[in-house]
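Asks: Right, I'll just put the structure down here and ask away after.
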Amino acid sequence: MVPHVVSRWPVWLFRWRAAYTPGASVRQKTWAGMSRAPLWGIVGTGPLVCRHSSSTSSRAPEVMLTHKRYPVQRLPFSVVSEEDLAAFERMVPGRVITDPEELEASNVDWLRTVRGCSKVLLRPRTSEEVSRILRYCHERNLAVNPQGGNTGMVGGSVPVFDEIILSTALMNQVISFHDVSGILVCQAGCVLEELSLHVEQRDFIMPLDLGAKGSCHIGGNLATNAGGLRFLRYGSLHGTVLGLEVVLADGTILGGLTSLRKDNTGYDLKQLFIGSEGTLGVITAVSILCPPKPKAVNVAFLGCPGFAEVLQTFSSCKGMLGEILSAYEFMDAECMQLVGHHLQLASPVQESPFYVLIETSGSRAEHDAEKLSNFLEQVLGSGLVTDGTLATDQRKIKALWALRERITEALSLDGYVYKYDVSLPVERLYDLVTELRARVGPLAKHVVGYGHLGDGNLHLNVTAEAFSASLLGELEPYVYEWTAGQQGSVSAEHGVGFKKKDILGYSKPPEALHLMQQLKALLDPKGILNPYKTLPSRA
């Protein structure tokens, strides 16, 4: 049964405090005497589904080739020959894939919006094998598409034409973990969820967490500078990554797997590759700092009467929860409706215009519980929050997080999805959603907004029955112009990839774009690494 924070808040608070007895477990303290209509039997507690199942994919219509949907011309790269395939077979014996059926999944992004036509996929196991492959491709002028878990949102992880797919899937070994410092060293193909389990067994956690954690690779996370659900507490990968091993376009291995927290000797080269999306080099291994595993975790799922109350609740949250606040997520009513309709996940609170998920992580349960109690008393009493539910049990925490993490999955089941990932001043964060609904009207099925409010990151999604050029014309460049007008960023955490490469000018000045082009020309003079991505066609 789901414990329920009823709208008559003094009764709820009394019951919560009455259950708080010295020596009781955290679960007993939090949940005693509370009841609610069943949610936990409905919400699955297994790994989150981030990709369509094979049965769904087999029934889905074929995705149009990228070069037929978008105005892009193939650059004068060489075409893979039989001699090239023989050379690759000598480099990675038994790991050269040319079967069209096996290649199909790697040619299509998981959103099923772009599709390449690569004829070969290579699966190296070591940095040395990657080096040999890239050295050969550099000499032959063969384009290469590095690929991790292929969970990207902007078409950066699949070929545009016939680029060779270089998969890191077999580069999945943990090299070392230090139990005192919490420093993890691993290969780039390690799946994020598996790394999380590895370090949690040693009382640490990964500094990032994503809805796609069951599929995404740590190398891809770094290449796209993924943000995710722990950004508010632990910050950017630019701060938690200590070292990288990268193979450059000509096959040079740039060794830099340092485990030093401080190293002030010259340029910090690893920062160039974090967020470069495989266009400057292929990340093959990483050294990353993992924080200690919190001793006490609480999740509150609250209903708010308006976005102004969402903002005020966040202000109260920062002031009253302070150092234990680890996540502050929001979603609108349409998100909850889609999750309920497509995934049959029931809302644990009464219907509200907005919902907020708050996570706290600390070292002492009693200390955190007292802080959370005072905070909830304040926001319930002031009317900022009208209803809510609280969880400390791990199974129930996962079920509440599923309501937020599976929004993307629900959207993908609603039709064709136009996805926008923008950074905005928090006070204007939802204005874009409201204005866009009025702008597109009946052209769209749904216009929804959710995301990491604590980071000023809005995930704006528009669904339609099928791709519509007229709807796209209403959305773009309007969304980018609106974002630029607020001094925001057109890509908060999803990267640039293929889809956003020509809109960087909305967030970066010409001088910055020119410098990026110079860096690309310096490190990859032939342009073989992930071509057609990240940088604008004309800087």
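Residues are referred to by chain and number: the chain letter is A, B, ... according to the order shown in the structure tokens, the number counts from 1 in that chain, and ligands are numbered separately from 1 in the order shown.
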Leaving out Leu400 of chain A and any residue of its chain fewer than 2 positions from it, which residues lie within 12 Å of it when counting only C-alpha atoms, given as a ChimeraX atom specification?

Replies: /A:2,39-40,42-45,298-302,329,336,345-349,355-359,388-398,402-406

Asks: Store the residues of this selection in a file with C-alpha atoms, as a compact mmCIF listing (two decimals), in the first residue's frame.

Replies:
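Result saved to again_31.txt:
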```
# COMPACT_ATOMS: atom_id res chain seq x y z
CA VAL A 2 1.21 3.50 -0.78
CA LEU A 39 0.50 1.79 -6.89
CA TRP A 40 3.41 -0.51 -6.25
CA ILE A 42 1.19 -1.58 -10.96
CA VAL A 43 4.60 0.02 -11.29
CA GLY A 44 7.28 -2.41 -12.44
CA THR A 45 10.41 -2.57 -10.34
CA ASN A 298 14.08 9.84 0.72
CA VAL A 299 11.86 10.65 -2.24
CA ALA A 300 8.80 12.88 -2.05
CA PHE A 301 6.32 13.11 -4.92
CA LEU A 302 4.19 16.23 -4.61
CA GLU A 329 12.42 17.27 -10.96
CA MET A 336 1.37 12.17 -16.03
CA LEU A 345 1.41 3.77 -14.22
CA ALA A 346 -1.00 5.24 -11.68
CA SER A 347 -0.46 8.61 -10.04
CA PRO A 348 0.24 8.27 -6.31
CA VAL A 349 -1.31 11.69 -5.60
CA TYR A 355 4.11 17.44 -10.06
CA VAL A 356 7.46 17.64 -8.31
CA LEU A 357 9.85 14.83 -7.37
CA ILE A 358 12.31 15.69 -4.63
CA GLU A 359 15.13 13.40 -3.55
CA GLY A 388 1.98 14.24 -1.82
CA THR A 389 3.51 10.91 -0.97
CA LEU A 390 6.82 9.99 0.62
CA ALA A 391 9.10 6.96 0.22
CA THR A 392 12.24 5.66 1.91
CA ASP A 393 11.95 1.98 0.94
CA GLN A 394 14.10 1.28 -2.12
CA ARG A 395 11.34 -0.51 -4.03
CA LYS A 396 8.92 2.37 -3.54
CA ILE A 397 11.60 4.94 -4.36
CA LYS A 398 12.20 3.21 -7.71
CA ALA A 402 9.72 5.52 -12.74
CA LEU A 403 6.97 8.13 -13.08
CA ARG A 404 9.64 10.65 -14.05
CA GLU A 405 12.17 8.45 -15.86
CA ARG A 406 9.69 6.71 -18.15
```

Asks: List as a count of residues only the protein and nucleic acid residues near Ala466 of chain A, meaning an atom at most 10 Å away when only C-alpha atoms are counted, but skip any in the same chain fewer than 4 places from it.

Replies: 5

Asks: Which residues, written as a PDB file with all heavy atoms, in the first residue's frame, have at least one atom at most 8 Å from Ile503 of chain A, with only C-alpha atoms counted and residues fewer than 2 positions away on the same chain left out?

Replies:
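Resulting contents of part-v4.pdb:
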```
ATOM      1  N   TYR A 480      14.078  27.813 -31.080  1.00  0.00           N
ATOM      2  CA  TYR A 480      15.463  28.263 -30.913  1.00  0.00           C
ATOM      3  C   TYR A 480      15.542  29.780 -30.770  1.00  0.00           C
ATOM      4  O   TYR A 480      16.339  30.295 -29.979  1.00  0.00           O
ATOM      5  CB  TYR A 480      16.297  27.785 -32.103  1.00  0.00           C
ATOM      6  CG  TYR A 480      16.199  26.293 -32.324  1.00  0.00           C
ATOM      7  CD1 TYR A 480      15.867  25.770 -33.573  1.00  0.00           C
ATOM      8  CD2 TYR A 480      16.427  25.401 -31.277  1.00  0.00           C
ATOM      9  CE1 TYR A 480      15.769  24.406 -33.778  1.00  0.00           C
ATOM     10  CE2 TYR A 480      16.326  24.037 -31.465  1.00  0.00           C
ATOM     11  CZ  TYR A 480      15.994  23.541 -32.720  1.00  0.00           C
ATOM     12  OH  TYR A 480      15.893  22.194 -32.903  1.00  0.00           O
ATOM     13  N   VAL A 490      20.382  26.053 -26.647  1.00  0.00           N
ATOM     14  CA  VAL A 490      19.529  25.180 -27.461  1.00  0.00           C
ATOM     15  C   VAL A 490      19.810  23.707 -27.200  1.00  0.00           C
ATOM     16  O   VAL A 490      19.090  22.842 -27.693  1.00  0.00           O
ATOM     17  CB  VAL A 490      19.697  25.487 -28.966  1.00  0.00           C
ATOM     18  CG1 VAL A 490      19.210  26.896 -29.283  1.00  0.00           C
ATOM     19  CG2 VAL A 490      21.146  25.293 -29.414  1.00  0.00           C
ATOM     20  N   LYS A 500      21.095  19.032 -34.459  1.00  0.00           N
ATOM     21  CA  LYS A 500      21.215  20.406 -33.951  1.00  0.00           C
ATOM     22  C   LYS A 500      22.466  21.130 -34.438  1.00  0.00           C
ATOM     23  O   LYS A 500      22.746  22.251 -34.003  1.00  0.00           O
ATOM     24  CB  LYS A 500      21.188  20.401 -32.416  1.00  0.00           C
ATOM     25  CG  LYS A 500      19.850  19.992 -31.832  1.00  0.00           C
ATOM     26  CD  LYS A 500      19.856  20.144 -30.313  1.00  0.00           C
ATOM     27  CE  LYS A 500      18.508  19.794 -29.709  1.00  0.00           C
ATOM     28  NZ  LYS A 500      18.497  19.958 -28.243  1.00  0.00           N
ATOM     29  N   LYS A 501      23.215  20.507 -35.331  1.00  0.00           N
ATOM     30  CA  LYS A 501      24.506  21.081 -35.702  1.00  0.00           C
ATOM     31  C   LYS A 501      24.382  22.453 -36.358  1.00  0.00           C
ATOM     32  O   LYS A 501      25.287  23.289 -36.231  1.00  0.00           O
ATOM     33  CB  LYS A 501      25.262  20.125 -36.621  1.00  0.00           C
ATOM     34  CG  LYS A 501      24.598  19.869 -37.974  1.00  0.00           C
ATOM     35  CD  LYS A 501      25.334  18.775 -38.745  1.00  0.00           C
ATOM     36  CE  LYS A 501      24.664  18.483 -40.076  1.00  0.00           C
ATOM     37  NZ  LYS A 501      24.775  19.606 -41.031  1.00  0.00           N
ATOM     38  N   GLY A 505      24.497  28.513 -33.764  1.00  0.00           N
ATOM     39  CA  GLY A 505      24.599  29.969 -33.789  1.00  0.00           C
ATOM     40  C   GLY A 505      23.616  30.676 -32.876  1.00  0.00           C
ATOM     41  O   GLY A 505      23.803  31.848 -32.546  1.00  0.00           O
ATOM     42  N   TYR A 506      22.577  29.958 -32.434  1.00  0.00           N
ATOM     43  CA  TYR A 506      21.638  30.553 -31.482  1.00  0.00           C
ATOM     44  C   TYR A 506      22.223  30.628 -30.073  1.00  0.00           C
ATOM     45  O   TYR A 506      21.713  31.366 -29.228  1.00  0.00           O
ATOM     46  CB  TYR A 506      20.333  29.745 -31.438  1.00  0.00           C
ATOM     47  CG  TYR A 506      19.490  29.894 -32.676  1.00  0.00           C
ATOM     48  CD1 TYR A 506      19.458  28.891 -33.639  1.00  0.00           C
ATOM     49  CD2 TYR A 506      18.717  31.031 -32.884  1.00  0.00           C
ATOM     50  CE1 TYR A 506      18.683  29.023 -34.784  1.00  0.00           C
ATOM     51  CE2 TYR A 506      17.946  31.174 -34.027  1.00  0.00           C
ATOM     52  CZ  TYR A 506      17.926  30.164 -34.964  1.00  0.00           C
ATOM     53  OH  TYR A 506      17.154  30.302 -36.091  1.00  0.00           O
ATOM     54  N   SER A 507      23.280  29.826 -29.828  1.00  0.00           N
ATOM     55  CA  SER A 507      23.874  29.788 -28.489  1.00  0.00           C
ATOM     56  C   SER A 507      25.354  30.143 -28.460  1.00  0.00           C
ATOM     57  O   SER A 507      25.898  30.395 -27.386  1.00  0.00           O
ATOM     58  CB  SER A 507      23.694  28.391 -27.874  1.00  0.00           C
ATOM     59  OG  SER A 507      22.337  28.092 -27.670  1.00  0.00           O
ATOM     60  N   PRO A 536      28.485  23.072 -37.277  1.00  0.00           N
ATOM     61  CA  PRO A 536      27.598  23.521 -38.358  1.00  0.00           C
ATOM     62  C   PRO A 536      28.216  23.299 -39.733  1.00  0.00           C
ATOM     63  O   PRO A 536      29.437  23.270 -39.894  1.00  0.00           O
ATOM     64  CB  PRO A 536      27.403  25.015 -38.065  1.00  0.00           C
ATOM     65  CG  PRO A 536      28.553  25.400 -37.192  1.00  0.00           C
ATOM     66  CD  PRO A 536      28.906  24.182 -36.402  1.00  0.00           C
TER      67      PRO A 536
END
```

Asks: At what distance in Å, to one decimal, does atom CA of Ile165 of chain A lie from atom CA of Val120 of chain A?

Replies: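 Atom-to-atom, atom CA of Val120 of chain A to atom CA of Ile165 of chain A, that is 6.5 Å.
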
Asks: List as number ranges by chain the protein and nucleic acid residues near Ala105 of chain A, meaning an atom at most 12 Å away when only C-alpha atoms are counted, but skip any in the same chain fewer than 2 places from it.

Replies: A: 51-54, 57-58, 62-63, 99-103, 107-112, 114-118, 121, 147, 149-151, 157-159, 165

Asks: Nearest to Val185 of chain A: which of A:Gly211, A:Gly256, A:Gly362, A:Gly156 is it, counting only C-alpha atoms?

Replies: A:Gly256

Asks: Pick out the residues sitting within 7 Å of Ile283 of chain A, and hand them over as a list in words; count only C-alpha atoms, and ignore anything fewer than 5 positions along from it in its own chain.

Replies: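 Answer for this query is Ala188, Gly219, Leu244, Glu245, Val246 and Val247 of chain A.
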
Asks: What residues in segment 198-244 of chain A get the DSSP label strand (DSSP E or B)? Please answer as an mmCIF file with N, CA and C atoms, in the first residue's frame.

Replies:
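Final output, part.cif:
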```
data_model
loop_
_atom_site.group_PDB
_atom_site.id
_atom_site.type_symbol
_atom_site.label_atom_id
_atom_site.label_comp_id
_atom_site.auth_asym_id
_atom_site.auth_seq_id
_atom_site.Cartn_x
_atom_site.Cartn_y
_atom_site.Cartn_z
ATOM 1 N N PHE A 204 29.671 3.037 -2.823
ATOM 2 C CA PHE A 204 29.795 4.275 -3.589
ATOM 3 C C PHE A 204 28.679 4.306 -4.634
ATOM 4 N N HIS A 217 26.381 3.657 -22.575
ATOM 5 C CA HIS A 217 27.762 3.361 -22.190
ATOM 6 C C HIS A 217 28.391 4.591 -21.567
ATOM 7 N N VAL A 241 35.142 13.738 -13.892
ATOM 8 C CA VAL A 241 36.100 12.925 -14.665
ATOM 9 C C VAL A 241 37.518 13.395 -14.355
ATOM 10 N N LEU A 242 38.365 12.462 -13.956
ATOM 11 C CA LEU A 242 39.747 12.786 -13.604
ATOM 12 C C LEU A 242 40.709 12.550 -14.763
ATOM 13 N N GLY A 243 40.386 11.591 -15.612
ATOM 14 C CA GLY A 243 41.290 11.297 -16.722
ATOM 15 C C GLY A 243 40.597 10.515 -17.816
ATOM 16 N N LEU A 244 41.141 10.605 -19.035
ATOM 17 C CA LEU A 244 40.607 9.882 -20.185
ATOM 18 C C LEU A 244 41.744 9.254 -20.982
#
```

Asks: Near Tyr418 of chain A, counting only C-alpha atoms, which residues have an atom at most 7 Å away, once you skip same-chain residues fewer than 3 positions from it, shown as a CSV table (one decimal) with N, CA and C atoms, in the first residue's frame?

Replies:
```
chain,number,residue,atom,x,y,z
A,461,ASN,N,8.6,18.5,-25.4
A,461,ASN,CA,8.3,17.5,-26.3
A,461,ASN,C,6.9,17.7,-27.0
A,462,VAL,N,6.9,17.5,-28.3
A,462,VAL,CA,5.7,17.7,-29.0
A,462,VAL,C,5.4,16.4,-29.8
A,463,THR,N,4.2,15.9,-29.6
A,463,THR,CA,3.9,14.6,-30.3
A,463,THR,C,2.8,14.9,-31.4
```

Asks: What are the DSSP helix (DSSP H, G or I) residues of segment 50-138 of chain A, as a PyMOL selection string?

Replies: chain A and resi 54-59+66-69+82-91+100-107+127-138

Asks: Which neighbours of segment 286-291 of chain A fall inside 10 Å, counting only C-alpha atoms, when residues of the same chain fewer than 2 positions from it are skipped, and could you give them as a PDB file with N, CA and C atoms, in the first residue's frame?

Replies:
```pdb
ATOM      1  N   VAL A 174      35.952  -3.342 -16.171  1.00  0.00           N
ATOM      2  CA  VAL A 174      36.386  -2.458 -15.090  1.00  0.00           C
ATOM      3  C   VAL A 174      37.867  -2.730 -14.859  1.00  0.00           C
ATOM      4  N   ILE A 175      38.665  -1.679 -14.932  1.00  0.00           N
ATOM      5  CA  ILE A 175      40.121  -1.829 -14.792  1.00  0.00           C
ATOM      6  C   ILE A 175      40.526  -1.811 -13.326  1.00  0.00           C
ATOM      7  N   SER A 176      39.940  -0.872 -12.563  1.00  0.00           N
ATOM      8  CA  SER A 176      40.269  -0.801 -11.139  1.00  0.00           C
ATOM      9  C   SER A 176      39.236   0.057 -10.414  1.00  0.00           C
ATOM     10  N   PHE A 177      39.145  -0.172  -9.091  1.00  0.00           N
ATOM     11  CA  PHE A 177      38.341   0.699  -8.231  1.00  0.00           C
ATOM     12  C   PHE A 177      39.044   0.797  -6.890  1.00  0.00           C
ATOM     13  N   HIS A 178      39.204   2.028  -6.407  1.00  0.00           N
ATOM     14  CA  HIS A 178      39.905   2.261  -5.147  1.00  0.00           C
ATOM     15  C   HIS A 178      38.886   2.524  -4.059  1.00  0.00           C
ATOM     16  N   SER A 181      39.528   6.183  -2.104  1.00  0.00           N
ATOM     17  CA  SER A 181      39.315   7.424  -2.864  1.00  0.00           C
ATOM     18  C   SER A 181      37.999   7.417  -3.643  1.00  0.00           C
ATOM     19  N   GLY A 182      37.465   6.219  -3.953  1.00  0.00           N
ATOM     20  CA  GLY A 182      36.261   6.140  -4.765  1.00  0.00           C
ATOM     21  C   GLY A 182      36.516   6.393  -6.236  1.00  0.00           C
ATOM     22  N   ILE A 183      37.747   6.174  -6.693  1.00  0.00           N
ATOM     23  CA  ILE A 183      38.093   6.414  -8.099  1.00  0.00           C
ATOM     24  C   ILE A 183      37.930   5.136  -8.901  1.00  0.00           C
ATOM     25  N   LEU A 184      37.082   5.209  -9.926  1.00  0.00           N
ATOM     26  CA  LEU A 184      36.814   4.085 -10.812  1.00  0.00           C
ATOM     27  C   LEU A 184      37.541   4.298 -12.131  1.00  0.00           C
ATOM     28  N   VAL A 185      38.230   3.271 -12.608  1.00  0.00           N
ATOM     29  CA  VAL A 185      38.859   3.290 -13.931  1.00  0.00           C
ATOM     30  C   VAL A 185      38.263   2.139 -14.726  1.00  0.00           C
ATOM     31  N   CYS A 186      37.723   2.445 -15.900  1.00  0.00           N
ATOM     32  CA  CYS A 186      37.051   1.407 -16.685  1.00  0.00           C
ATOM     33  C   CYS A 186      37.127   1.735 -18.165  1.00  0.00           C
ATOM     34  N   GLN A 187      36.806   0.727 -18.982  1.00  0.00           N
ATOM     35  CA  GLN A 187      36.739   0.948 -20.418  1.00  0.00           C
ATOM     36  C   GLN A 187      35.455   1.689 -20.795  1.00  0.00           C
ATOM     37  N   ALA A 188      35.456   2.263 -21.982  1.00  0.00           N
ATOM     38  CA  ALA A 188      34.373   3.148 -22.396  1.00  0.00           C
ATOM     39  C   ALA A 188      33.063   2.428 -22.681  1.00  0.00           C
ATOM     40  N   SER A 196      27.102   1.219 -11.953  1.00  0.00           N
ATOM     41  CA  SER A 196      26.424   1.630 -10.715  1.00  0.00           C
ATOM     42  C   SER A 196      26.352   0.470  -9.732  1.00  0.00           C
ATOM     43  N   VAL A 199      29.936  -0.236  -8.182  1.00  0.00           N
ATOM     44  CA  VAL A 199      30.422   0.664  -7.134  1.00  0.00           C
ATOM     45  C   VAL A 199      29.496   0.675  -5.916  1.00  0.00           C
ATOM     46  N   GLU A 200      28.197   0.413  -6.118  1.00  0.00           N
ATOM     47  CA  GLU A 200      27.276   0.372  -4.976  1.00  0.00           C
ATOM     48  C   GLU A 200      27.587  -0.792  -4.046  1.00  0.00           C
ATOM     49  N   ASP A 203      29.857   0.536  -1.572  1.00  0.00           N
ATOM     50  CA  ASP A 203      29.355   1.700  -0.824  1.00  0.00           C
ATOM     51  C   ASP A 203      29.678   3.033  -1.490  1.00  0.00           C
ATOM     52  N   PHE A 204      29.671   3.037  -2.823  1.00  0.00           N
ATOM     53  CA  PHE A 204      29.795   4.275  -3.589  1.00  0.00           C
ATOM     54  C   PHE A 204      28.679   4.306  -4.634  1.00  0.00           C
ATOM     55  N   ILE A 205      28.511   5.448  -5.285  1.00  0.00           N
ATOM     56  CA  ILE A 205      27.560   5.558  -6.393  1.00  0.00           C
ATOM     57  C   ILE A 205      28.232   6.272  -7.552  1.00  0.00           C
ATOM     58  N   MET A 206      27.691   6.083  -8.738  1.00  0.00           N
ATOM     59  CA  MET A 206      28.159   6.842  -9.890  1.00  0.00           C
ATOM     60  C   MET A 206      27.665   8.289  -9.777  1.00  0.00           C
ATOM     61  N   PRO A 207      28.455   9.269 -10.223  1.00  0.00           N
ATOM     62  CA  PRO A 207      28.033  10.671 -10.086  1.00  0.00           C
ATOM     63  C   PRO A 207      26.959  11.088 -11.080  1.00  0.00           C
ATOM     64  N   LEU A 208      26.565  10.192 -11.996  1.00  0.00           N
ATOM     65  CA  LEU A 208      25.473  10.510 -12.919  1.00  0.00           C
ATOM     66  C   LEU A 208      24.503   9.344 -12.962  1.00  0.00           C
ATOM     67  N   ILE A 218      29.311   4.372 -20.641  1.00  0.00           N
ATOM     68  CA  ILE A 218      29.965   5.499 -19.970  1.00  0.00           C
ATOM     69  C   ILE A 218      30.745   6.347 -20.978  1.00  0.00           C
ATOM     70  N   GLY A 219      31.316   5.729 -22.007  1.00  0.00           N
ATOM     71  CA  GLY A 219      32.028   6.501 -23.024  1.00  0.00           C
ATOM     72  C   GLY A 219      31.106   7.434 -23.775  1.00  0.00           C
ATOM     73  N   LEU A 222      30.215  10.416 -21.616  1.00  0.00           N
ATOM     74  CA  LEU A 222      31.268  11.436 -21.617  1.00  0.00           C
ATOM     75  C   LEU A 222      31.303  12.180 -22.950  1.00  0.00           C
ATOM     76  N   TYR A 234      25.833  16.519  -7.786  1.00  0.00           N
ATOM     77  CA  TYR A 234      27.233  16.175  -8.057  1.00  0.00           C
ATOM     78  C   TYR A 234      27.859  16.928  -9.224  1.00  0.00           C
ATOM     79  N   LEU A 237      30.059  16.280 -15.605  1.00  0.00           N
ATOM     80  CA  LEU A 237      31.157  15.342 -15.832  1.00  0.00           C
ATOM     81  C   LEU A 237      32.489  16.062 -16.015  1.00  0.00           C
ATOM     82  N   GLY A 239      33.631  18.015 -14.067  1.00  0.00           N
ATOM     83  CA  GLY A 239      34.223  18.077 -12.735  1.00  0.00           C
ATOM     84  C   GLY A 239      34.541  16.723 -12.136  1.00  0.00           C
ATOM     85  N   THR A 240      33.770  15.688 -12.478  1.00  0.00           N
ATOM     86  CA  THR A 240      33.965  14.384 -11.844  1.00  0.00           C
ATOM     87  C   THR A 240      34.920  13.467 -12.605  1.00  0.00           C
ATOM     88  N   VAL A 241      35.142  13.738 -13.892  1.00  0.00           N
ATOM     89  CA  VAL A 241      36.100  12.925 -14.665  1.00  0.00           C
ATOM     90  C   VAL A 241      37.518  13.395 -14.355  1.00  0.00           C
ATOM     91  N   LEU A 242      38.365  12.462 -13.956  1.00  0.00           N
ATOM     92  CA  LEU A 242      39.747  12.786 -13.604  1.00  0.00           C
ATOM     93  C   LEU A 242      40.709  12.550 -14.763  1.00  0.00           C
ATOM     94  N   GLY A 243      40.386  11.591 -15.612  1.00  0.00           N
ATOM     95  CA  GLY A 243      41.290  11.297 -16.722  1.00  0.00           C
ATOM     96  C   GLY A 243      40.597  10.515 -17.816  1.00  0.00           C
ATOM     97  N   LEU A 244      41.141  10.605 -19.035  1.00  0.00           N
ATOM     98  CA  LEU A 244      40.607   9.882 -20.185  1.00  0.00           C
ATOM     99  C   LEU A 244      41.744   9.254 -20.982  1.00  0.00           C
ATOM    100  N   GLU A 245      41.423   8.157 -21.616  1.00  0.00           N
ATOM    101  CA  GLU A 245      42.267   7.619 -22.676  1.00  0.00           C
ATOM    102  C   GLU A 245      41.485   7.796 -23.970  1.00  0.00           C
ATOM    103  N   VAL A 246      42.118   8.419 -24.957  1.00  0.00           N
ATOM    104  CA  VAL A 246      41.435   8.764 -26.202  1.00  0.00           C
ATOM    105  C   VAL A 246      42.314   8.353 -27.373  1.00  0.00           C
ATOM    106  N   GLY A 256      45.875   9.299 -20.709  1.00  0.00           N
ATOM    107  CA  GLY A 256      45.673  10.293 -19.661  1.00  0.00           C
ATOM    108  C   GLY A 256      44.775   9.777 -18.560  1.00  0.00           C
ATOM    109  N   LEU A 257      44.920   8.481 -18.227  1.00  0.00           N
ATOM    110  CA  LEU A 257      44.067   7.884 -17.194  1.00  0.00           C
ATOM    111  C   LEU A 257      44.595   8.179 -15.797  1.00  0.00           C
ATOM    112  N   THR A 258      44.788   9.436 -15.506  1.00  0.00           N
ATOM    113  CA  THR A 258      45.267   9.822 -14.194  1.00  0.00           C
ATOM    114  C   THR A 258      44.180   9.655 -13.147  1.00  0.00           C
ATOM    115  N   SER A 259      44.587   9.394 -11.915  1.00  0.00           N
ATOM    116  CA  SER A 259      43.653   9.322 -10.801  1.00  0.00           C
ATOM    117  C   SER A 259      43.891  10.461  -9.817  1.00  0.00           C
ATOM    118  N   LEU A 260      44.539  11.508 -10.297  1.00  0.00           N
ATOM    119  CA  LEU A 260      44.856  12.647  -9.439  1.00  0.00           C
ATOM    120  C   LEU A 260      43.680  13.617  -9.368  1.00  0.00           C
ATOM    121  N   ARG A 261      43.357  14.073  -8.156  1.00  0.00           N
ATOM    122  CA  ARG A 261      42.331  15.095  -8.010  1.00  0.00           C
ATOM    123  C   ARG A 261      42.867  16.460  -8.449  1.00  0.00           C
ATOM    124  N   LYS A 270      41.685  16.667 -21.419  1.00  0.00           N
ATOM    125  CA  LYS A 270      40.509  15.789 -21.377  1.00  0.00           C
ATOM    126  C   LYS A 270      39.213  16.569 -21.576  1.00  0.00           C
ATOM    127  N   ILE A 283      36.875   8.063 -27.253  1.00  0.00           N
ATOM    128  CA  ILE A 283      37.164   7.783 -25.845  1.00  0.00           C
ATOM    129  C   ILE A 283      37.156   6.268 -25.649  1.00  0.00           C
ATOM    130  N   THR A 284      38.243   5.730 -25.089  1.00  0.00           N
ATOM    131  CA  THR A 284      38.340   4.283 -24.903  1.00  0.00           C
ATOM    132  C   THR A 284      38.379   3.869 -23.435  1.00  0.00           C
ATOM    133  N   LYS A 293      28.178   6.288  -1.169  1.00  0.00           N
ATOM    134  CA  LYS A 293      26.753   5.955  -1.219  1.00  0.00           C
ATOM    135  C   LYS A 293      26.048   6.552  -0.008  1.00  0.00           C
ATOM    136  N   PRO A 294      24.959   7.301  -0.241  1.00  0.00           N
ATOM    137  CA  PRO A 294      24.238   7.902   0.898  1.00  0.00           C
ATOM    138  C   PRO A 294      23.683   6.818   1.823  1.00  0.00           C
TER     139      PRO A 294
END
```

Asks: Smallest atom-to-atom distance to Arg90 of chain A: which of A:Pro124, A:Gly495, A:Pro509, A:Gly227, using only C-alpha atoms?

Replies: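 Of A:Pro124, A:Gly495, A:Pro509, A:Gly227, the one nearest Arg90 of chain A, counting only C-alpha atoms, is A:Pro124.
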
Asks: Using only C-alpha atoms for the distances, tell me which of A:Glu370, A:Glu511, A:Asp421, A:Asp250 is nearest to Leu134 of chain A.

Replies: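 Answer, going by the shortest atom-to-atom distance: A:Asp250.
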
Asks: Point out the residue among A:Ile528, A:Leu321, A:Leu411, A:Ala285 with the least atom-to-atom distance to Val339 of chain A, counting only C-alpha atoms.

Replies: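 Checking each of A:Ile528, A:Leu321, A:Leu411, A:Ala285 against Val339 of chain A, counting only C-alpha atoms, the winner is A:Leu411.
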